[in-house]
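Q: One structure is given below, represented as structure tokens, and several questions about it will come after.
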Number of protein chains: 2
Amino acid sequence: MGRKKAVVLVSGGLDSATVLAIARQQDYELHAISFDYGQRHRFELDAAEAVCRANHVFEHVVFRLDTSIFRGSALTSDIAVPHNRTDEEIAGGIPVTYVPARNTIFLSIGLGYAESIGSADLFIGVNAIDYSGYPDCRPEFVRAFEDMANLATKAGVEGQRFQVHTPLISMTKADIIRKGLTLGVDYGLTHSCYDPSPDGASCGECDSCRLRLKGFEDAGAKDTARYVTGRS
Amino acid sequence: MGRKKAVVLVSGGLDSATVLAIARQQDYELHAISFDYGQRHRFELDAAEAVCRANHVFEHVVFRLDTSIFRGSALTSDIAVPHNRTDEEIAGGIPVTYVPARNTIFLSIGLGYAESIGSADLFIGVNAIDYSGYPDCRPEFVRAFEDMANLATKAGVEGQRFQVHTPLISMTKADIIRKGLTLGVDYGLTHSCYDPSPDGASCGECDSCRLRLKGFEDAGAKDTARYVTGRS
């Protein structure tokens, strides 16, 4: 019998790169999936590919998702990404970068992929501490998804327990970075910025950059990603 | 305030055509969604369009879904569709026409679409009586999806209760047909066959045709769909 297979959702960001390294450490055969959902830039997907290569994944699939029907998110339309919001503003509700039902859709497709290759283990880098108001990053959402998945699938019916692994869920950004560094994650390969410059440098000012920079500061580590304003 | 919006999953089959008529009778503004998931033939999507037109939907979107990563279903690969199975064989387990996590994926995308247009009502024609062994047609699956959806979305967080309507769930095929006929559904527009002839006539012998033909027989009604073998 071969190694157990894991499906890992890899966005190209800091969190999913850490999750991939954690799944690798647990000796799974790694099947990575990334989503091309009309992001305004390609740097995320390029980063996902680099991260997968660095982790010697067995397979990396990029799933194209036509999200033109989802209106009103700054990540998929021309609504402006906010810069330099205060911590109170970040904590104050669901941001414009929310994409309707995004993690539900990603996990559902990951579930189908997992079932089709005979895997019962799906890894996702959601995080409830720094989740910035996204409802589909909360532990209660993940448990509800898992319960649903075990009723939805042939594997579930036949007695295989499908699990959604969220190793980062209760970690701070600094914890995640410390964990990743012990596993040898090269964070210079990852991309977190919502609003990069045309050559792919991070803005340092969007919510995602600010959480990331604060995480490195708290971890006492240096962020090797490229920033436009000479940060890091 | 305008009418309440409903998102209705429309496959082009008999069940979803009936569901669309039921939602129409309940005076929703109808937003139909169909999925192009690499079905082996286009007749289903053509039927979906005809059914939507006949019901004067407000909007009909066809969502393209790259399911090449889902291996091993007879509906999306070259595995043969079984013909003339006995009732015991049909009842005996999950068939080869099962697509991994299909309804989970369809409902998740429907959820995203619903949230993006401000709808909290999603209609799907799943049926637990004639469900032919698909785990994702069971009432417990639908309830679990609904629970998950209310944790997943901004609408759920903000107190709007998202509902998955399954008006057919405990009806027999004959009940469904009788209901549809009272609502004026033109079943000649619908397509149920898994394995049609090149000109779109139904085979009359796959599980889906057999359930449909038995439904019309039990309802004492005539099926106006076209069959290759002079059936109906």
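Just remember, in the structure tokens the first chain shown is A, the second B, etc., residues are 1-based per chain, and ligands are 1-based in the order shown.
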Write down, as a PyMOL selection string, each residue of chain A that has any atom within 7 Å of an atom of chain B, counting only C-alpha atoms.

A: chain A and resi 63-66+69-72+100-101+104-105+108-109+111-113+115-116+135-136+141+144-145+147-148+151-154+157

Q: Write a file of the selected residues as a compact mmCIF listing (two decimals), in the first residue's frame, keeping C-alpha atoms.

A:
```
# COMPACT_ATOMS: atom_id res chain seq x y z
CA PHE A 63 -8.62 24.67 -11.45
CA ARG A 64 -10.14 27.42 -13.57
CA LEU A 65 -13.24 28.83 -12.02
CA ASP A 66 -15.45 31.23 -13.93
CA ILE A 69 -21.20 35.66 -11.90
CA PHE A 70 -20.01 36.69 -8.44
CA ARG A 71 -20.47 40.41 -8.29
CA GLY A 72 -19.06 42.86 -5.87
CA PRO A 100 -19.10 35.18 -1.94
CA ALA A 101 -18.84 31.59 -0.69
CA THR A 104 -17.10 26.79 0.38
CA ILE A 105 -16.54 26.54 -3.36
CA SER A 108 -16.20 21.56 -2.44
CA ILE A 109 -13.98 21.26 -5.49
CA LEU A 111 -13.58 17.44 -1.91
CA GLY A 112 -14.46 16.23 -5.42
CA TYR A 113 -10.78 16.05 -6.34
CA GLU A 115 -12.74 11.70 -3.63
CA SER A 116 -11.71 11.05 -7.22
CA PRO A 135 -17.02 34.11 7.84
CA ASP A 136 -15.70 31.09 5.93
CA PHE A 141 -17.66 26.71 9.40
CA ALA A 144 -19.95 22.14 9.40
CA PHE A 145 -18.27 21.61 6.04
CA ASP A 147 -20.05 17.09 8.53
CA MET A 148 -21.65 17.92 5.21
CA LEU A 151 -22.87 12.92 4.04
CA ALA A 152 -22.15 14.08 0.49
CA THR A 153 -19.70 11.53 -0.73
CA LYS A 154 -19.46 7.91 -1.70
CA VAL A 157 -21.27 6.52 2.80
```

Q: Over all C-alpha pairs taken in sequence order, what does chain A look like after a least-squares fit onto chain B? Please give it as a short mmCIF file (atom, residue, chain, number, x, y, z; two decimals) with C-alpha atoms, in the first residue's frame.

A:
```
data_model
loop_
_atom_site.label_atom_id
_atom_site.label_comp_id
_atom_site.auth_asym_id
_atom_site.auth_seq_id
_atom_site.Cartn_x
_atom_site.Cartn_y
_atom_site.Cartn_z
CA MET A 1 -39.10 46.58 -2.58
CA GLY A 2 -38.91 44.13 -5.49
CA ARG A 3 -39.85 40.50 -5.46
CA LYS A 4 -37.73 38.03 -3.55
CA LYS A 5 -35.07 36.42 -5.69
CA ALA A 6 -34.58 32.68 -5.95
CA VAL A 7 -31.63 30.86 -7.46
CA VAL A 8 -32.81 27.65 -9.14
CA LEU A 9 -30.44 24.91 -10.29
CA VAL A 10 -31.70 23.87 -13.72
CA SER A 11 -30.17 20.83 -15.40
CA GLY A 12 -32.64 20.50 -18.21
CA GLY A 13 -34.13 17.33 -16.72
CA LEU A 14 -37.64 16.56 -15.61
CA ASP A 15 -37.03 17.25 -11.93
CA SER A 16 -35.46 20.68 -12.23
CA ALA A 17 -38.08 21.78 -14.77
CA THR A 18 -40.71 20.96 -12.15
CA VAL A 19 -38.79 22.81 -9.43
CA LEU A 20 -38.53 25.88 -11.63
CA ALA A 21 -42.30 25.85 -12.15
CA ILE A 22 -42.81 25.50 -8.38
CA ALA A 23 -40.53 28.48 -7.63
CA ARG A 24 -42.32 30.46 -10.32
CA GLN A 25 -45.68 29.66 -8.74
CA GLN A 26 -44.30 31.02 -5.42
CA ASP A 27 -43.72 34.33 -7.21
CA TYR A 28 -39.97 34.55 -6.89
CA GLU A 29 -37.86 36.50 -9.35
CA LEU A 30 -36.17 33.52 -11.01
CA HIS A 31 -32.39 33.32 -11.43
CA ALA A 32 -31.51 30.02 -13.07
CA ILE A 33 -28.08 28.46 -13.07
CA SER A 34 -26.93 25.51 -15.18
CA PHE A 35 -23.57 23.78 -15.22
CA ASP A 36 -21.50 22.90 -18.21
CA TYR A 37 -19.27 20.26 -16.65
CA GLY A 38 -18.06 18.41 -19.68
CA GLN A 39 -21.20 16.31 -20.10
CA ARG A 40 -20.78 13.94 -23.01
CA HIS A 41 -23.57 15.67 -24.90
CA ARG A 42 -25.12 19.15 -25.13
CA PHE A 43 -28.78 18.12 -25.10
CA GLU A 44 -29.10 18.71 -21.36
CA LEU A 45 -27.92 22.33 -21.64
CA ASP A 46 -30.14 22.95 -24.66
CA ALA A 47 -33.06 21.59 -22.66
CA ALA A 48 -32.13 23.82 -19.70
CA GLU A 49 -32.27 26.85 -21.95
CA ALA A 50 -35.65 25.86 -23.40
CA VAL A 51 -37.07 25.25 -19.91
CA CYS A 52 -35.81 28.64 -18.69
CA ARG A 53 -37.31 30.40 -21.68
CA ALA A 54 -40.65 28.70 -21.13
CA ASN A 55 -40.63 29.94 -17.51
CA HIS A 56 -39.66 33.53 -18.36
CA VAL A 57 -36.71 33.52 -15.95
CA PHE A 58 -35.15 36.87 -15.09
CA GLU A 59 -31.67 35.54 -15.80
CA HIS A 60 -30.13 32.22 -16.83
CA VAL A 61 -26.40 31.73 -16.33
CA VAL A 62 -24.41 28.74 -17.53
CA PHE A 63 -21.43 28.16 -15.32
CA ARG A 64 -18.51 26.37 -16.95
CA LEU A 65 -16.86 23.96 -14.62
CA ASP A 66 -13.59 22.29 -15.53
CA THR A 67 -14.16 18.83 -14.10
CA SER A 68 -11.30 17.14 -15.92
CA ILE A 69 -9.71 16.56 -12.52
CA PHE A 70 -12.61 14.36 -11.41
CA ARG A 71 -11.76 10.91 -12.62
CA GLY A 72 -13.95 7.92 -12.95
CA SER A 73 -17.55 8.98 -13.64
CA ALA A 74 -19.44 7.66 -16.65
CA LEU A 75 -21.04 11.09 -17.08
CA THR A 76 -17.74 12.87 -17.71
CA SER A 77 -15.44 10.15 -19.08
CA ASP A 78 -15.60 7.24 -21.51
CA ILE A 79 -16.83 4.66 -19.00
CA ALA A 80 -19.93 2.99 -20.53
CA VAL A 81 -23.38 4.01 -19.27
CA PRO A 82 -25.21 0.83 -18.22
CA HIS A 83 -28.43 -0.10 -20.03
CA ASN A 84 -31.42 -2.10 -18.87
CA ARG A 85 -30.29 -2.67 -15.31
CA THR A 86 -32.81 -4.44 -13.08
CA ASP A 87 -34.51 -2.56 -10.24
CA GLU A 88 -32.31 -4.52 -7.83
CA GLU A 89 -29.18 -3.43 -9.66
CA ILE A 90 -30.36 0.20 -9.65
CA ALA A 91 -31.08 0.00 -5.91
CA GLY A 92 -27.80 -1.77 -5.20
CA GLY A 93 -25.36 1.07 -4.61
CA ILE A 94 -23.74 4.14 -6.02
CA PRO A 95 -23.74 3.96 -9.82
CA VAL A 96 -20.87 4.69 -12.23
CA THR A 97 -22.70 7.85 -13.28
CA TYR A 98 -21.88 9.37 -9.87
CA VAL A 99 -19.66 12.46 -10.19
CA PRO A 100 -17.57 13.07 -7.05
CA ALA A 101 -19.12 15.77 -4.85
CA ARG A 102 -21.26 17.01 -7.72
CA ASN A 103 -24.21 18.42 -5.82
CA THR A 104 -21.89 19.87 -3.18
CA ILE A 105 -20.05 21.77 -5.88
CA PHE A 106 -23.25 22.83 -7.66
CA LEU A 107 -24.85 24.04 -4.42
CA SER A 108 -21.68 25.87 -3.37
CA ILE A 109 -21.54 27.79 -6.62
CA GLY A 110 -25.28 28.39 -6.40
CA LEU A 111 -24.68 29.73 -2.88
CA GLY A 112 -22.02 32.16 -4.13
CA TYR A 113 -24.31 33.29 -6.93
CA ALA A 114 -27.24 33.70 -4.52
CA GLU A 115 -25.17 35.70 -2.08
CA SER A 116 -23.85 37.97 -4.81
CA ILE A 117 -27.36 38.91 -6.01
CA GLY A 118 -28.86 39.18 -2.52
CA SER A 119 -30.91 35.99 -2.60
CA ALA A 120 -31.33 33.69 0.40
CA ASP A 121 -33.36 31.02 -1.40
CA LEU A 122 -31.80 28.25 -3.43
CA PHE A 123 -33.95 25.62 -5.15
CA ILE A 124 -32.68 22.20 -6.20
CA GLY A 125 -34.56 19.20 -7.59
CA VAL A 126 -32.98 16.46 -5.51
CA ASN A 127 -35.11 13.50 -4.72
CA ALA A 128 -34.60 10.88 -2.04
CA ILE A 129 -37.06 8.31 -3.41
CA ASP A 130 -35.68 7.78 -6.87
CA TYR A 131 -32.21 8.95 -6.02
CA SER A 132 -30.58 5.87 -7.43
CA GLY A 133 -27.85 5.70 -4.81
CA TYR A 134 -26.40 9.20 -5.00
CA PRO A 135 -25.40 10.17 -1.44
CA ASP A 136 -25.72 13.89 -2.22
CA CYS A 137 -29.47 13.62 -2.88
CA ARG A 138 -30.40 12.67 0.69
CA PRO A 139 -32.31 15.03 3.01
CA GLU A 140 -29.60 14.78 5.69
CA PHE A 141 -27.05 15.99 3.15
CA VAL A 142 -29.22 18.96 2.18
CA ARG A 143 -29.76 19.98 5.84
CA ALA A 144 -26.02 19.69 6.52
CA PHE A 145 -25.33 21.87 3.48
CA GLU A 146 -27.81 24.46 4.70
CA ASP A 147 -26.22 24.55 8.16
CA MET A 148 -22.80 24.98 6.61
CA ALA A 149 -24.06 27.70 4.26
CA ASN A 150 -25.39 29.74 7.14
CA LEU A 151 -21.94 29.73 8.73
CA ALA A 152 -20.12 30.32 5.45
CA THR A 153 -21.64 33.51 4.21
CA LYS A 154 -21.81 37.18 4.97
CA ALA A 155 -25.60 36.95 4.66
CA GLY A 156 -25.64 34.20 7.30
CA VAL A 157 -23.43 36.21 9.65
CA GLU A 158 -25.64 39.24 9.21
CA GLY A 159 -28.73 37.30 10.25
CA GLN A 160 -30.32 36.39 6.93
CA ARG A 161 -31.32 32.72 7.01
CA PHE A 162 -30.20 30.97 3.87
CA GLN A 163 -32.55 28.18 2.76
CA VAL A 164 -32.11 25.25 0.41
CA HIS A 165 -35.54 24.39 -0.97
CA THR A 166 -36.05 20.79 -2.07
CA PRO A 167 -39.74 20.59 -2.97
CA LEU A 168 -39.34 17.19 -4.65
CA ILE A 169 -37.35 15.47 -1.95
CA SER A 170 -40.03 13.07 -0.78
CA MET A 171 -42.03 12.75 -3.98
CA THR A 172 -42.07 9.76 -6.29
CA LYS A 173 -41.33 10.34 -9.95
CA ALA A 174 -45.05 9.95 -10.65
CA ASP A 175 -45.89 12.59 -7.98
CA ILE A 176 -43.38 14.97 -9.55
CA ILE A 177 -44.86 14.50 -13.01
CA ARG A 178 -48.43 14.97 -11.73
CA LYS A 179 -47.38 18.14 -9.89
CA GLY A 180 -45.57 19.49 -12.96
CA LEU A 181 -48.51 18.80 -15.24
CA THR A 182 -50.83 20.79 -12.96
CA LEU A 183 -48.33 23.69 -13.25
CA GLY A 184 -48.23 23.43 -17.03
CA VAL A 185 -44.71 22.04 -17.37
CA ASP A 186 -43.95 21.00 -20.94
CA TYR A 187 -41.95 17.82 -20.34
CA GLY A 188 -41.27 17.53 -24.06
CA LEU A 189 -38.67 20.29 -23.53
CA THR A 190 -36.77 18.33 -20.90
CA HIS A 191 -33.96 15.82 -21.33
CA SER A 192 -33.22 12.98 -18.89
CA CYS A 193 -31.26 10.39 -20.88
CA TYR A 194 -27.65 9.61 -19.95
CA ASP A 195 -26.93 8.10 -23.36
CA PRO A 196 -28.91 9.77 -26.17
CA SER A 197 -28.57 9.12 -29.89
CA PRO A 198 -26.57 11.64 -31.94
CA ASP A 199 -29.76 13.56 -32.78
CA GLY A 200 -30.79 13.83 -29.13
CA ALA A 201 -33.40 11.08 -28.88
CA SER A 202 -33.45 9.31 -25.51
CA CYS A 203 -32.30 5.69 -25.30
CA GLY A 204 -35.13 4.48 -23.07
CA GLU A 205 -32.78 2.00 -21.41
CA CYS A 206 -30.40 3.83 -19.06
CA ASP A 207 -31.31 4.19 -15.35
CA SER A 208 -32.51 7.74 -15.92
CA CYS A 209 -34.79 6.86 -18.85
CA ARG A 210 -36.17 3.86 -16.99
CA LEU A 211 -37.05 5.93 -13.91
CA ARG A 212 -38.65 8.54 -16.11
CA LEU A 213 -40.70 6.12 -18.19
CA LYS A 214 -41.89 4.31 -15.11
CA GLY A 215 -42.86 7.69 -13.59
CA PHE A 216 -45.03 8.60 -16.56
CA GLU A 217 -46.58 5.12 -16.55
CA ASP A 218 -47.39 5.37 -12.83
CA ALA A 219 -48.79 8.89 -13.31
CA GLY A 220 -50.96 7.66 -16.17
CA ALA A 221 -49.50 10.35 -18.42
CA LYS A 222 -47.78 10.39 -21.77
CA ASP A 223 -44.09 11.34 -22.01
CA THR A 224 -43.73 13.78 -24.88
CA ALA A 225 -39.92 13.44 -25.04
CA ARG A 226 -38.45 11.73 -28.10
CA TYR A 227 -37.15 8.13 -27.76
CA VAL A 228 -35.09 6.14 -30.24
CA THR A 229 -37.07 2.93 -29.94
CA GLY A 230 -40.52 4.33 -30.42
CA ARG A 231 -41.18 4.31 -26.69
CA SER A 232 -43.30 6.71 -24.65
#
```

Q: Check range 150-201 of chain B with DSSP on the backbone and list each residue it calls alpha helix (DSSP H), as an mmCIF file with C-alpha atoms, in the first residue's frame.

A:
```
data_model
loop_
_atom_site.group_PDB
_atom_site.id
_atom_site.type_symbol
_atom_site.label_atom_id
_atom_site.label_comp_id
_atom_site.auth_asym_id
_atom_site.auth_seq_id
_atom_site.Cartn_x
_atom_site.Cartn_y
_atom_site.Cartn_z
ATOM 1 C CA ASN B 150 -25.378 29.723 7.132
ATOM 2 C CA LEU B 151 -21.921 29.718 8.699
ATOM 3 C CA ALA B 152 -20.111 30.312 5.414
ATOM 4 C CA LYS B 154 -21.780 37.171 4.944
ATOM 5 C CA ALA B 155 -25.570 36.936 4.620
ATOM 6 C CA GLY B 156 -25.639 34.189 7.257
ATOM 7 C CA VAL B 157 -23.421 36.196 9.612
ATOM 8 C CA LYS B 173 -41.326 10.342 -9.957
ATOM 9 C CA ALA B 174 -45.051 9.950 -10.656
ATOM 10 C CA ASP B 175 -45.898 12.580 -7.988
ATOM 11 C CA ILE B 176 -43.388 14.961 -9.558
ATOM 12 C CA ILE B 177 -44.873 14.504 -13.008
ATOM 13 C CA ARG B 178 -48.424 14.968 -11.741
ATOM 14 C CA LYS B 179 -47.388 18.138 -9.895
ATOM 15 C CA GLY B 180 -45.586 19.487 -12.954
ATOM 16 C CA LEU B 181 -48.508 18.796 -15.249
ATOM 17 C CA THR B 182 -50.842 20.786 -12.973
#
```

Q: Using backbone DSSP assignments, extract all strand (DSSP E or B) residues from range 36-224 of chain B; output them as a short mmCIF file (atom, residue, chain, number, x, y, z; two decimals) with C-alpha atoms, in the first residue's frame.

A:
```
data_model
loop_
_atom_site.label_atom_id
_atom_site.label_comp_id
_atom_site.auth_asym_id
_atom_site.auth_seq_id
_atom_site.Cartn_x
_atom_site.Cartn_y
_atom_site.Cartn_z
CA ASP B 36 -21.49 22.93 -18.21
CA GLU B 59 -31.68 35.57 -15.79
CA HIS B 60 -30.13 32.24 -16.84
CA VAL B 61 -26.40 31.76 -16.32
CA VAL B 62 -24.41 28.78 -17.53
CA PHE B 63 -21.43 28.18 -15.32
CA ARG B 64 -18.50 26.40 -16.96
CA LEU B 65 -16.85 23.98 -14.62
CA HIS B 83 -28.43 -0.09 -19.99
CA ASP B 121 -33.35 31.02 -1.41
CA LEU B 122 -31.79 28.25 -3.44
CA PHE B 123 -33.96 25.61 -5.16
CA GLN B 163 -32.56 28.16 2.76
CA VAL B 164 -32.11 25.24 0.39
CA HIS B 165 -35.55 24.39 -0.98
CA SER B 202 -33.43 9.33 -25.49
CA CYS B 206 -30.39 3.84 -19.03
#
```
